[in-house]
Amino acid sequence: MKITCRDHTFLIENLPHQSLQLSINEQLIPLQKIETAFVLSIDTLLDIFKKKNHPVKFVDESSRPISFKHLSEPLDIAPNSYIKQGKHSYFIFIDQDDELSLIYNKKPSIMNFYDQDILFEGITRQEDVLLLKFSFHSKYFEVKQPRCFIKIRHQEQKIALPINRFSVTPVDARRFKTEVEAVIDKELVEQLLGERYTYDAFNANIYDLLFGFSIREMPISGFPPEFVTSKIIQNS
């Protein structure tokens with residue numbers, strides 16, 4: 001599937017379906033097809049969407065959702081493939097059911113793009129800093145920039161960790177593996193625990209890690225602390 005956005009119009013191509021429709025409140029809204037692309041214009045969107053924060057599904061000629069569970073080729077979605085006009089914004093994305101959806105006036109949740117498989121690969125000492133390494137898989141979309149926060153468990157204070165480096169590797173047609181190395185420096189430890197705390201005795205078990213990421217195709221929601229909190233495991 002290919003999605004582009006031009007002149008406040010979505011163009012959806014390379015779908016093996018005779019027709020494409022939006023299923024809204026048990027009503028089917030057919031998309032016009034021009035040459036090889038299904039077309040969804042801002043005029044149509046303004047006319048049919050009245051309720052914000054309400055995702056709807058795309059369905060085929062048999063009223064079945066457009067599924068990507070068995071995707072054989074990567075999606076081709078151009079950067080900034082969303083529509084924003086005045087107070088109105090529209091996003092096409094693959095939801096947690098692996099189905100093509102559209103949402104009005106709310107950025108898609110990061111949980112639609114994260115495979116919920118974070119793996120911590122350890123904390124190591126390098127000169128005067130600690131390096132925290134972890135990896136995870138994103139679905140359908142390549143990570144543009146990971147973000148990472150650390151906080152003391154049961155407290156509200158959280159601090160952004162600088163990302164030292166990261167890499168993104170395609171795994172298959174649906175998933176990308178992102179490997180991240182974040183930095184915990186001495187000043188951060190003192191900021192969290194006070195100057196009298198022994199830096200060499202840093203105990204990662206009392207911390208939670210919050211993380212998120214951005215993608216090129218559209219803005220997404222779920223930035224910490226709204227995102228999943230995971231435990232950091234101390235590397236002995």
# chains A, B, ... in the order shown; residues from 1 in each chain; ligands from 1
call {"tool": "residues_around", "arguments": {"residues": "Pro55 of chain A", "least_positions_apart": "2", "cutoff": "8 Å", "atoms": "only C-alpha atoms", "output": "PyMOL selection string"}}
result
chain A and resi 53+57+101-104
call {"tool": "residues_around", "arguments": {"residues": "Gln116 of chain A", "least_positions_apart": "6", "cutoff": "10 Å", "atoms": "only C-alpha atoms", "output": "PDB file with C-alpha atoms, in the first residue's frame"}}
result
ATOM      1  CA  PHE A 136      12.296  -2.595  20.864  1.00  0.00           C
ATOM      2  CA  HIS A 137      10.357  -3.152  17.643  1.00  0.00           C
ATOM      3  CA  SER A 138       8.111  -0.643  15.929  1.00  0.00           C
ATOM      4  CA  LYS A 139       5.307  -1.768  13.628  1.00  0.00           C
ATOM      5  CA  VAL A 228       4.113   2.347  29.212  1.00  0.00           C
TER       6      VAL A 228
END
call {"tool": "residues_around", "arguments": {"residues": "Ile150 of chain A", "least_positions_apart": "3", "cutoff": "9 Å", "atoms": "only C-alpha atoms", "output": "list in words"}}
result
Gln157, Lys158, Ile159, Ala160, Leu161, Tyr207, Asp208, Leu209, Leu210 and Phe211 of chain A
call {"tool": "residues_around", "arguments": {"residues": "Phe91 of chain A", "least_positions_apart": "6", "cutoff": "10 Å", "atoms": "only C-alpha atoms", "output": "PDB file with N, CA, C and O atoms, in the first residue's frame"}}
result
ATOM      1  N   PHE A  10      -5.952  12.794   0.688  1.00  0.00           N
ATOM      2  CA  PHE A  10      -5.262  11.520   0.819  1.00  0.00           C
ATOM      3  C   PHE A  10      -5.369  10.745  -0.493  1.00  0.00           C
ATOM      4  O   PHE A  10      -6.450  10.663  -1.095  1.00  0.00           O
ATOM      5  N   PRO A  55     -11.846   6.951  16.168  1.00  0.00           N
ATOM      6  CA  PRO A  55     -11.258   6.260  15.016  1.00  0.00           C
ATOM      7  C   PRO A  55     -12.299   5.450  14.252  1.00  0.00           C
ATOM      8  O   PRO A  55     -13.224   4.888  14.847  1.00  0.00           O
ATOM      9  N   ASN A  80       4.973  13.108   6.487  1.00  0.00           N
ATOM     10  CA  ASN A  80       3.915  14.106   6.718  1.00  0.00           C
ATOM     11  C   ASN A  80       2.636  13.759   5.949  1.00  0.00           C
ATOM     12  O   ASN A  80       1.989  14.643   5.370  1.00  0.00           O
ATOM     13  N   SER A  81       2.272  12.479   5.970  1.00  0.00           N
ATOM     14  CA  SER A  81       1.060  12.042   5.270  1.00  0.00           C
ATOM     15  C   SER A  81      -0.164  12.162   6.177  1.00  0.00           C
ATOM     16  O   SER A  81      -0.777  11.168   6.587  1.00  0.00           O
ATOM     17  N   TYR A  82      -0.487  13.367   6.523  1.00  0.00           N
ATOM     18  CA  TYR A  82      -1.700  13.655   7.279  1.00  0.00           C
ATOM     19  C   TYR A  82      -2.226  15.008   6.826  1.00  0.00           C
ATOM     20  O   TYR A  82      -1.525  15.778   6.173  1.00  0.00           O
ATOM     21  N   ILE A  83      -3.478  15.280   7.150  1.00  0.00           N
ATOM     22  CA  ILE A  83      -4.113  16.520   6.712  1.00  0.00           C
ATOM     23  C   ILE A  83      -4.405  17.394   7.928  1.00  0.00           C
ATOM     24  O   ILE A  83      -4.967  16.928   8.922  1.00  0.00           O
ATOM     25  N   LYS A  84      -4.037  18.641   7.837  1.00  0.00           N
ATOM     26  CA  LYS A  84      -4.374  19.621   8.870  1.00  0.00           C
ATOM     27  C   LYS A  84      -4.825  20.902   8.185  1.00  0.00           C
ATOM     28  O   LYS A  84      -4.105  21.463   7.365  1.00  0.00           O
ATOM     29  N   SER A 101      -7.070   2.467   9.537  1.00  0.00           N
ATOM     30  CA  SER A 101      -8.019   3.304  10.264  1.00  0.00           C
ATOM     31  C   SER A 101      -7.738   4.779  10.016  1.00  0.00           C
ATOM     32  O   SER A 101      -6.680   5.156   9.512  1.00  0.00           O
ATOM     33  N   LEU A 102      -8.693   5.593  10.407  1.00  0.00           N
ATOM     34  CA  LEU A 102      -8.567   7.044  10.304  1.00  0.00           C
ATOM     35  C   LEU A 102      -9.125   7.654  11.574  1.00  0.00           C
ATOM     36  O   LEU A 102     -10.139   7.190  12.102  1.00  0.00           O
ATOM     37  N   ILE A 103      -8.451   8.683  12.085  1.00  0.00           N
ATOM     38  CA  ILE A 103      -8.943   9.363  13.275  1.00  0.00           C
ATOM     39  C   ILE A 103      -8.941  10.867  13.033  1.00  0.00           C
ATOM     40  O   ILE A 103      -8.085  11.402  12.326  1.00  0.00           O
ATOM     41  N   TYR A 104      -9.932  11.516  13.626  1.00  0.00           N
ATOM     42  CA  TYR A 104     -10.140  12.957  13.431  1.00  0.00           C
ATOM     43  C   TYR A 104      -9.801  13.715  14.709  1.00  0.00           C
ATOM     44  O   TYR A 104     -10.270  13.381  15.806  1.00  0.00           O
ATOM     45  N   ASN A 105      -8.967  14.746  14.568  1.00  0.00           N
ATOM     46  CA  ASN A 105      -8.613  15.672  15.657  1.00  0.00           C
ATOM     47  C   ASN A 105      -8.012  14.991  16.888  1.00  0.00           C
ATOM     48  O   ASN A 105      -8.204  15.440  18.016  1.00  0.00           O
ATOM     49  N   LYS A 106      -7.287  13.910  16.649  1.00  0.00           N
ATOM     50  CA  LYS A 106      -6.512  13.291  17.719  1.00  0.00           C
ATOM     51  C   LYS A 106      -5.372  12.511  17.083  1.00  0.00           C
ATOM     52  O   LYS A 106      -5.598  11.695  16.189  1.00  0.00           O
ATOM     53  N   LYS A 107      -4.151  12.750  17.566  1.00  0.00           N
ATOM     54  CA  LYS A 107      -3.012  12.022  17.024  1.00  0.00           C
ATOM     55  C   LYS A 107      -3.118  10.543  17.406  1.00  0.00           C
ATOM     56  O   LYS A 107      -3.514  10.220  18.525  1.00  0.00           O
ATOM     57  N   PRO A 108      -2.774   9.651  16.497  1.00  0.00           N
ATOM     58  CA  PRO A 108      -2.827   8.212  16.825  1.00  0.00           C
ATOM     59  C   PRO A 108      -1.924   7.891  18.007  1.00  0.00           C
ATOM     60  O   PRO A 108      -0.850   8.458  18.166  1.00  0.00           O
ATOM     61  N   GLU A 217       6.154   9.951   9.269  1.00  0.00           N
ATOM     62  CA  GLU A 217       4.914  10.014   8.500  1.00  0.00           C
ATOM     63  C   GLU A 217       3.846  10.899   9.119  1.00  0.00           C
ATOM     64  O   GLU A 217       3.008  11.468   8.411  1.00  0.00           O
ATOM     65  N   MET A 218       3.849  11.016  10.456  1.00  0.00           N
ATOM     66  CA  MET A 218       2.810  11.804  11.132  1.00  0.00           C
ATOM     67  C   MET A 218       3.199  11.998  12.589  1.00  0.00           C
ATOM     68  O   MET A 218       3.984  11.211  13.139  1.00  0.00           O
ATOM     69  N   PRO A 219       2.667  13.021  13.260  1.00  0.00           N
ATOM     70  CA  PRO A 219       2.851  13.125  14.714  1.00  0.00           C
ATOM     71  C   PRO A 219       2.011  12.064  15.409  1.00  0.00           C
ATOM     72  O   PRO A 219       0.910  11.740  14.971  1.00  0.00           O
ATOM     73  N   ILE A 220       2.543  11.489  16.484  1.00  0.00           N
ATOM     74  CA  ILE A 220       1.808  10.478  17.242  1.00  0.00           C
ATOM     75  C   ILE A 220       1.806  10.856  18.718  1.00  0.00           C
ATOM     76  O   ILE A 220       2.667  11.575  19.192  1.00  0.00           O
TER      77      ILE A 220
END
call {"tool": "residues_around", "arguments": {"residues": "segment 212-216 of chain A", "least_positions_apart": "3", "cutoff": "7 Å", "atoms": "only C-alpha atoms", "output": "MDAnalysis selection string"}}
result
chainID A and resid 79:80 141:148 219:220 223:224 227
call {"tool": "write_last_selection", "arguments": {"atoms": "all heavy atoms", "output": "tab-separated table (two decimals), in the first residue's frame"}}
result
chain	number	residue	atom	x	y	z
A	79	PRO	N	6.47	10.94	4.03
A	79	PRO	CA	6.55	11.78	5.23
A	79	PRO	C	5.42	12.81	5.29
A	79	PRO	O	4.96	13.29	4.25
A	79	PRO	CB	7.92	12.47	5.07
A	79	PRO	CG	8.71	11.56	4.20
A	79	PRO	CD	7.71	10.96	3.25
A	80	ASN	N	4.97	13.11	6.49
A	80	ASN	CA	3.91	14.11	6.72
A	80	ASN	C	2.64	13.76	5.95
A	80	ASN	O	1.99	14.64	5.37
A	80	ASN	CB	4.41	15.50	6.34
A	80	ASN	CG	5.62	15.92	7.15
A	80	ASN	OD1	5.65	15.75	8.36
A	80	ASN	ND2	6.63	16.44	6.48
A	141	PHE	N	6.12	1.35	10.75
A	141	PHE	CA	6.79	2.64	10.58
A	141	PHE	C	8.16	2.62	11.25
A	141	PHE	O	8.31	2.14	12.37
A	141	PHE	CB	5.95	3.78	11.16
A	141	PHE	CG	4.61	3.94	10.50
A	141	PHE	CD1	3.52	3.19	10.92
A	141	PHE	CD2	4.44	4.83	9.45
A	141	PHE	CE1	2.28	3.33	10.31
A	141	PHE	CE2	3.21	4.99	8.83
A	141	PHE	CZ	2.13	4.23	9.26
A	142	GLU	N	9.13	3.19	10.57
A	142	GLU	CA	10.48	3.27	11.11
A	142	GLU	C	10.58	4.42	12.11
A	142	GLU	O	10.03	5.50	11.89
A	142	GLU	CB	11.45	3.50	9.95
A	142	GLU	CG	12.90	3.59	10.35
A	142	GLU	CD	13.82	3.75	9.15
A	142	GLU	OE1	13.37	3.51	8.02
A	142	GLU	OE2	14.99	4.13	9.36
A	143	VAL	N	11.27	4.18	13.22
A	143	VAL	CA	11.45	5.21	14.24
A	143	VAL	C	12.36	6.31	13.69
A	143	VAL	O	13.42	6.05	13.15
A	143	VAL	CB	12.07	4.60	15.51
A	143	VAL	CG1	12.52	5.68	16.48
A	143	VAL	CG2	11.06	3.67	16.18
A	144	LYS	N	11.89	7.55	13.85
A	144	LYS	CA	12.71	8.70	13.47
A	144	LYS	C	13.63	9.12	14.60
A	144	LYS	O	14.81	9.39	14.39
A	144	LYS	CB	11.80	9.87	13.07
A	144	LYS	CG	12.54	11.15	12.72
A	144	LYS	CD	11.57	12.28	12.43
A	144	LYS	CE	12.30	13.58	12.15
A	144	LYS	NZ	11.34	14.72	11.94
A	145	GLN	N	13.06	9.23	15.82
A	145	GLN	CA	13.85	9.65	16.98
A	145	GLN	C	13.29	9.02	18.25
A	145	GLN	O	12.13	9.26	18.60
A	145	GLN	CB	13.84	11.17	17.12
A	145	GLN	CG	14.58	11.70	18.34
A	145	GLN	CD	16.07	11.40	18.26
A	145	GLN	OE1	16.74	11.74	17.29
A	145	GLN	NE2	16.61	10.78	19.30
A	146	PRO	N	14.07	8.18	18.94
A	146	PRO	CA	13.60	7.67	20.24
A	146	PRO	C	13.78	8.72	21.32
A	146	PRO	O	14.63	9.62	21.20
A	146	PRO	CB	14.52	6.47	20.48
A	146	PRO	CG	15.77	6.79	19.74
A	146	PRO	CD	15.37	7.63	18.55
A	147	ARG	N	13.00	8.62	22.38
A	147	ARG	CA	13.11	9.50	23.54
A	147	ARG	C	13.09	8.64	24.79
A	147	ARG	O	12.46	7.59	24.82
A	147	ARG	CB	11.97	10.51	23.57
A	147	ARG	CG	11.91	11.41	22.33
A	147	ARG	CD	10.82	12.46	22.49
A	147	ARG	NE	10.74	13.34	21.34
A	147	ARG	CZ	9.92	13.17	20.32
A	147	ARG	NH1	9.09	12.14	20.32
A	147	ARG	NH2	9.90	14.00	19.30
A	148	CYS	N	13.75	9.10	25.81
A	148	CYS	CA	13.88	8.29	27.02
A	148	CYS	C	13.88	9.20	28.26
A	148	CYS	O	14.55	10.23	28.26
A	148	CYS	CB	15.17	7.47	26.94
A	148	CYS	SG	15.40	6.30	28.27
A	219	PRO	N	2.67	13.02	13.26
A	219	PRO	CA	2.85	13.12	14.71
A	219	PRO	C	2.01	12.06	15.41
A	219	PRO	O	0.91	11.74	14.97
A	219	PRO	CB	2.35	14.54	15.03
A	219	PRO	CG	1.42	14.88	13.91
A	219	PRO	CD	1.92	14.16	12.69
A	220	ILE	N	2.54	11.49	16.48
A	220	ILE	CA	1.81	10.48	17.24
A	220	ILE	C	1.81	10.86	18.72
A	220	ILE	O	2.67	11.58	19.19
A	220	ILE	CB	2.40	9.06	17.05
A	220	ILE	CG1	3.88	9.01	17.45
A	220	ILE	CG2	2.24	8.63	15.60
A	220	ILE	CD1	4.50	7.64	17.31
A	223	PHE	N	3.47	10.32	24.46
A	223	PHE	CA	4.78	10.69	25.00
A	223	PHE	C	4.76	10.55	26.51
A	223	PHE	O	3.74	10.81	27.14
A	223	PHE	CB	5.11	12.13	24.59
A	223	PHE	CG	6.53	12.52	24.83
A	223	PHE	CD1	7.53	12.09	23.98
A	223	PHE	CD2	6.87	13.30	25.91
A	223	PHE	CE1	8.84	12.44	24.19
A	223	PHE	CE2	8.18	13.66	26.13
A	223	PHE	CZ	9.17	13.24	25.27
A	224	PRO	N	5.85	10.11	27.13
A	224	PRO	CA	5.87	9.93	28.60
A	224	PRO	C	5.35	11.17	29.32
A	224	PRO	O	5.59	12.27	28.87
A	224	PRO	CB	7.36	9.69	28.88
A	224	PRO	CG	7.90	9.14	27.60
A	224	PRO	CD	7.13	9.83	26.52
A	227	PHE	N	2.96	7.00	28.27
A	227	PHE	CA	3.34	5.74	27.66
A	227	PHE	C	3.63	4.70	28.73
A	227	PHE	O	3.60	4.98	29.92
A	227	PHE	CB	4.56	5.97	26.76
A	227	PHE	CG	4.91	4.84	25.85
A	227	PHE	CD1	3.93	4.13	25.20
A	227	PHE	CD2	6.23	4.48	25.64
A	227	PHE	CE1	4.24	3.09	24.37
A	227	PHE	CE2	6.56	3.44	24.80
A	227	PHE	CZ	5.56	2.73	24.16
call {"tool": "select_by_dssp", "arguments": {"residues": "segment 30-222 of chain A", "states": "strand (DSSP E or B)", "output": "ChimeraX atom specification"}}
result
/A:30,32-34,37-41,56-59,65,67,76-77,82-85,88-94,99-104,109,114,119-126,129-139,143-152,158-160,163-170,175-185,207-215,221
call {"tool": "closest_atom_pairs", "arguments": {"of": "segment 89-132 of chain A", "to": "segment 162-183 of chain A", "cutoff": "8 Å", "atoms": "only C-alpha atoms", "output": "JSON lines"}}
result
{"residue": "A:Val129", "atom": "CA", "partner": "A:Val183", "partner_atom": "CA", "distance": 6.8}
{"residue": "A:Leu130", "atom": "CA", "partner": "A:Val183", "partner_atom": "CA", "distance": 5.9}
{"residue": "A:Leu131", "atom": "CA", "partner": "A:Val183", "partner_atom": "CA", "distance": 4.9}
{"residue": "A:Leu132", "atom": "CA", "partner": "A:Ala182", "partner_atom": "CA", "distance": 5.1}
call {"tool": "write_last_selection", "arguments": {"atoms": "all heavy atoms", "output": "tab-separated table (two decimals), in the first residue's frame"}}
result
chain	number	residue	atom	x	y	z
A	129	VAL	N	30.23	8.13	33.22
A	129	VAL	CA	28.81	8.04	32.90
A	129	VAL	C	28.37	6.58	32.89
A	129	VAL	O	29.18	5.66	32.83
A	129	VAL	CB	28.50	8.67	31.51
A	129	VAL	CG1	28.93	10.12	31.47
A	129	VAL	CG2	29.14	7.88	30.39
A	130	LEU	N	27.05	6.40	32.98
A	130	LEU	CA	26.45	5.09	32.80
A	130	LEU	C	25.75	5.08	31.45
A	130	LEU	O	25.07	6.04	31.07
A	130	LEU	CB	25.44	4.80	33.91
A	130	LEU	CG	25.99	4.72	35.33
A	130	LEU	CD1	24.85	4.52	36.32
A	130	LEU	CD2	27.01	3.60	35.45
A	131	LEU	N	25.90	3.99	30.72
A	131	LEU	CA	25.24	3.82	29.42
A	131	LEU	C	24.12	2.79	29.57
A	131	LEU	O	24.36	1.64	29.95
A	131	LEU	CB	26.25	3.36	28.36
A	131	LEU	CG	27.41	4.31	28.09
A	131	LEU	CD1	28.34	3.72	27.05
A	131	LEU	CD2	26.92	5.69	27.64
A	132	LEU	N	22.90	3.23	29.28
A	132	LEU	CA	21.73	2.37	29.38
A	132	LEU	C	21.35	1.93	27.97
A	132	LEU	O	21.09	2.77	27.11
A	132	LEU	CB	20.59	3.13	30.05
A	132	LEU	CG	19.30	2.38	30.33
A	132	LEU	CD1	18.59	3.00	31.53
A	132	LEU	CD2	18.36	2.41	29.12
call {"tool": "closest_residue", "arguments": {"among": "A:Glu121, A:Ser62, A:Ser67, A:Gln32", "to": "Asp95 of chain A", "atoms": "only C-alpha atoms"}}
result
A:Ser67
call {"tool": "residues_around", "arguments": {"residues": "Asn25 of chain A", "least_positions_apart": "3", "cutoff": "12 Å", "atoms": "only C-alpha atoms", "output": "list in words"}}
result
Leu22, Leu28, Ile29, Ile48, Phe49, Lys50, Lys51, His54, Pro55, Val56 and Lys57 of chain A
call {"tool": "atom_distance", "arguments": {"atom1": "atom CA of Phe120 of chain A", "atom2": "atom CA of His154 of chain A"}}
result
20.8 Å
call {"tool": "atom_distance", "arguments": {"atom1": "atom CA of Leu45 of chain A", "atom2": "atom CA of Phe68 of chain A"}}
result
23.7 Å
call {"tool": "atom_distance", "arguments": {"atom1": "atom CA of Ile66 of chain A", "atom2": "atom CA of Ile42 of chain A"}}
result
21.6 Å
call {"tool": "closest_residue", "arguments": {"among": "A:Glu73, A:Asp60, A:Glu35, A:Asp185", "to": "Lys2 of chain A", "atoms": "only C-alpha atoms"}}
result
A:Glu73
call {"tool": "decode", "arguments": {"residues": "segment 14-33 of chain A", "atoms": "N, CA, C and O atoms", "output": "PDB file, in the first residue's frame"}}
result
ATOM      1  N   ASN A  14      -2.223   0.993  -4.542  1.00  0.00           N
ATOM      2  CA  ASN A  14      -1.660  -0.359  -4.431  1.00  0.00           C
ATOM      3  C   ASN A  14      -2.393  -1.225  -3.415  1.00  0.00           C
ATOM      4  O   ASN A  14      -1.776  -1.994  -2.670  1.00  0.00           O
ATOM      5  N   LEU A  15      -3.706  -1.108  -3.394  1.00  0.00           N
ATOM      6  CA  LEU A  15      -4.521  -1.995  -2.573  1.00  0.00           C
ATOM      7  C   LEU A  15      -5.217  -3.007  -3.483  1.00  0.00           C
ATOM      8  O   LEU A  15      -5.794  -2.630  -4.505  1.00  0.00           O
ATOM      9  N   PRO A  16      -5.212  -4.291  -3.127  1.00  0.00           N
ATOM     10  CA  PRO A  16      -5.834  -5.319  -3.971  1.00  0.00           C
ATOM     11  C   PRO A  16      -7.337  -5.421  -3.750  1.00  0.00           C
ATOM     12  O   PRO A  16      -7.880  -6.509  -3.513  1.00  0.00           O
ATOM     13  N   HIS A  17      -8.023  -4.290  -3.828  1.00  0.00           N
ATOM     14  CA  HIS A  17      -9.461  -4.269  -3.584  1.00  0.00           C
ATOM     15  C   HIS A  17     -10.160  -3.455  -4.665  1.00  0.00           C
ATOM     16  O   HIS A  17      -9.609  -2.472  -5.171  1.00  0.00           O
ATOM     17  N   GLN A  18     -11.365  -3.871  -4.974  1.00  0.00           N
ATOM     18  CA  GLN A  18     -12.126  -3.181  -6.006  1.00  0.00           C
ATOM     19  C   GLN A  18     -12.695  -1.859  -5.511  1.00  0.00           C
ATOM     20  O   GLN A  18     -12.892  -0.926  -6.294  1.00  0.00           O
ATOM     21  N   SER A  19     -12.968  -1.807  -4.224  1.00  0.00           N
ATOM     22  CA  SER A  19     -13.505  -0.574  -3.654  1.00  0.00           C
ATOM     23  C   SER A  19     -12.945  -0.383  -2.254  1.00  0.00           C
ATOM     24  O   SER A  19     -12.464  -1.322  -1.622  1.00  0.00           O
ATOM     25  N   LEU A  20     -13.036   0.854  -1.771  1.00  0.00           N
ATOM     26  CA  LEU A  20     -12.573   1.204  -0.429  1.00  0.00           C
ATOM     27  C   LEU A  20     -13.602   2.136   0.179  1.00  0.00           C
ATOM     28  O   LEU A  20     -14.036   3.109  -0.459  1.00  0.00           O
ATOM     29  N   GLN A  21     -13.990   1.825   1.414  1.00  0.00           N
ATOM     30  CA  GLN A  21     -15.038   2.585   2.074  1.00  0.00           C
ATOM     31  C   GLN A  21     -14.651   2.878   3.518  1.00  0.00           C
ATOM     32  O   GLN A  21     -13.873   2.142   4.129  1.00  0.00           O
ATOM     33  N   LEU A  22     -15.208   3.943   4.054  1.00  0.00           N
ATOM     34  CA  LEU A  22     -15.093   4.234   5.478  1.00  0.00           C
ATOM     35  C   LEU A  22     -16.357   3.751   6.171  1.00  0.00           C
ATOM     36  O   LEU A  22     -17.475   4.042   5.725  1.00  0.00           O
ATOM     37  N   SER A  23     -16.171   3.025   7.267  1.00  0.00           N
ATOM     38  CA  SER A  23     -17.311   2.531   8.025  1.00  0.00           C
ATOM     39  C   SER A  23     -17.522   3.429   9.239  1.00  0.00           C
ATOM     40  O   SER A  23     -16.760   3.386  10.205  1.00  0.00           O
ATOM     41  N   ILE A  24     -18.576   4.261   9.169  1.00  0.00           N
ATOM     42  CA  ILE A  24     -18.841   5.245  10.211  1.00  0.00           C
ATOM     43  C   ILE A  24     -20.260   5.054  10.743  1.00  0.00           C
ATOM     44  O   ILE A  24     -21.234   5.257  10.017  1.00  0.00           O
ATOM     45  N   ASN A  25     -20.345   4.639  12.000  1.00  0.00           N
ATOM     46  CA  ASN A  25     -21.664   4.464  12.630  1.00  0.00           C
ATOM     47  C   ASN A  25     -22.584   3.600  11.782  1.00  0.00           C
ATOM     48  O   ASN A  25     -23.737   3.949  11.515  1.00  0.00           O
ATOM     49  N   GLU A  26     -22.042   2.460  11.335  1.00  0.00           N
ATOM     50  CA  GLU A  26     -22.773   1.488  10.526  1.00  0.00           C
ATOM     51  C   GLU A  26     -23.160   2.020   9.147  1.00  0.00           C
ATOM     52  O   GLU A  26     -23.941   1.400   8.426  1.00  0.00           O
ATOM     53  N   GLN A  27     -22.586   3.142   8.779  1.00  0.00           N
ATOM     54  CA  GLN A  27     -22.790   3.697   7.438  1.00  0.00           C
ATOM     55  C   GLN A  27     -21.494   3.579   6.649  1.00  0.00           C
ATOM     56  O   GLN A  27     -20.402   3.822   7.182  1.00  0.00           O
ATOM     57  N   LEU A  28     -21.607   3.186   5.381  1.00  0.00           N
ATOM     58  CA  LEU A  28     -20.437   3.036   4.532  1.00  0.00           C
ATOM     59  C   LEU A  28     -20.306   4.231   3.596  1.00  0.00           C
ATOM     60  O   LEU A  28     -21.243   4.571   2.869  1.00  0.00           O
ATOM     61  N   ILE A  29     -19.148   4.888   3.650  1.00  0.00           N
ATOM     62  CA  ILE A  29     -18.867   6.048   2.810  1.00  0.00           C
ATOM     63  C   ILE A  29     -17.833   5.621   1.760  1.00  0.00           C
ATOM     64  O   ILE A  29     -16.666   5.400   2.088  1.00  0.00           O
ATOM     65  N   PRO A  30     -18.234   5.468   0.495  1.00  0.00           N
ATOM     66  CA  PRO A  30     -17.278   5.016  -0.529  1.00  0.00           C
ATOM     67  C   PRO A  30     -16.291   6.109  -0.903  1.00  0.00           C
ATOM     68  O   PRO A  30     -16.626   7.288  -0.950  1.00  0.00           O
ATOM     69  N   LEU A  31     -15.049   5.691  -1.158  1.00  0.00           N
ATOM     70  CA  LEU A  31     -14.023   6.614  -1.635  1.00  0.00           C
ATOM     71  C   LEU A  31     -14.017   6.599  -3.157  1.00  0.00           C
ATOM     72  O   LEU A  31     -14.158   5.541  -3.777  1.00  0.00           O
ATOM     73  N   GLN A  32     -13.856   7.761  -3.727  1.00  0.00           N
ATOM     74  CA  GLN A  32     -13.749   7.870  -5.172  1.00  0.00           C
ATOM     75  C   GLN A  32     -12.409   7.308  -5.632  1.00  0.00           C
ATOM     76  O   GLN A  32     -11.393   7.468  -4.954  1.00  0.00           O
ATOM     77  N   LYS A  33     -12.416   6.645  -6.770  1.00  0.00           N
ATOM     78  CA  LYS A  33     -11.167   6.140  -7.332  1.00  0.00           C
ATOM     79  C   LYS A  33     -10.847   6.883  -8.617  1.00  0.00           C
ATOM     80  O   LYS A  33     -11.668   6.932  -9.537  1.00  0.00           O
TER      81      LYS A  33
END
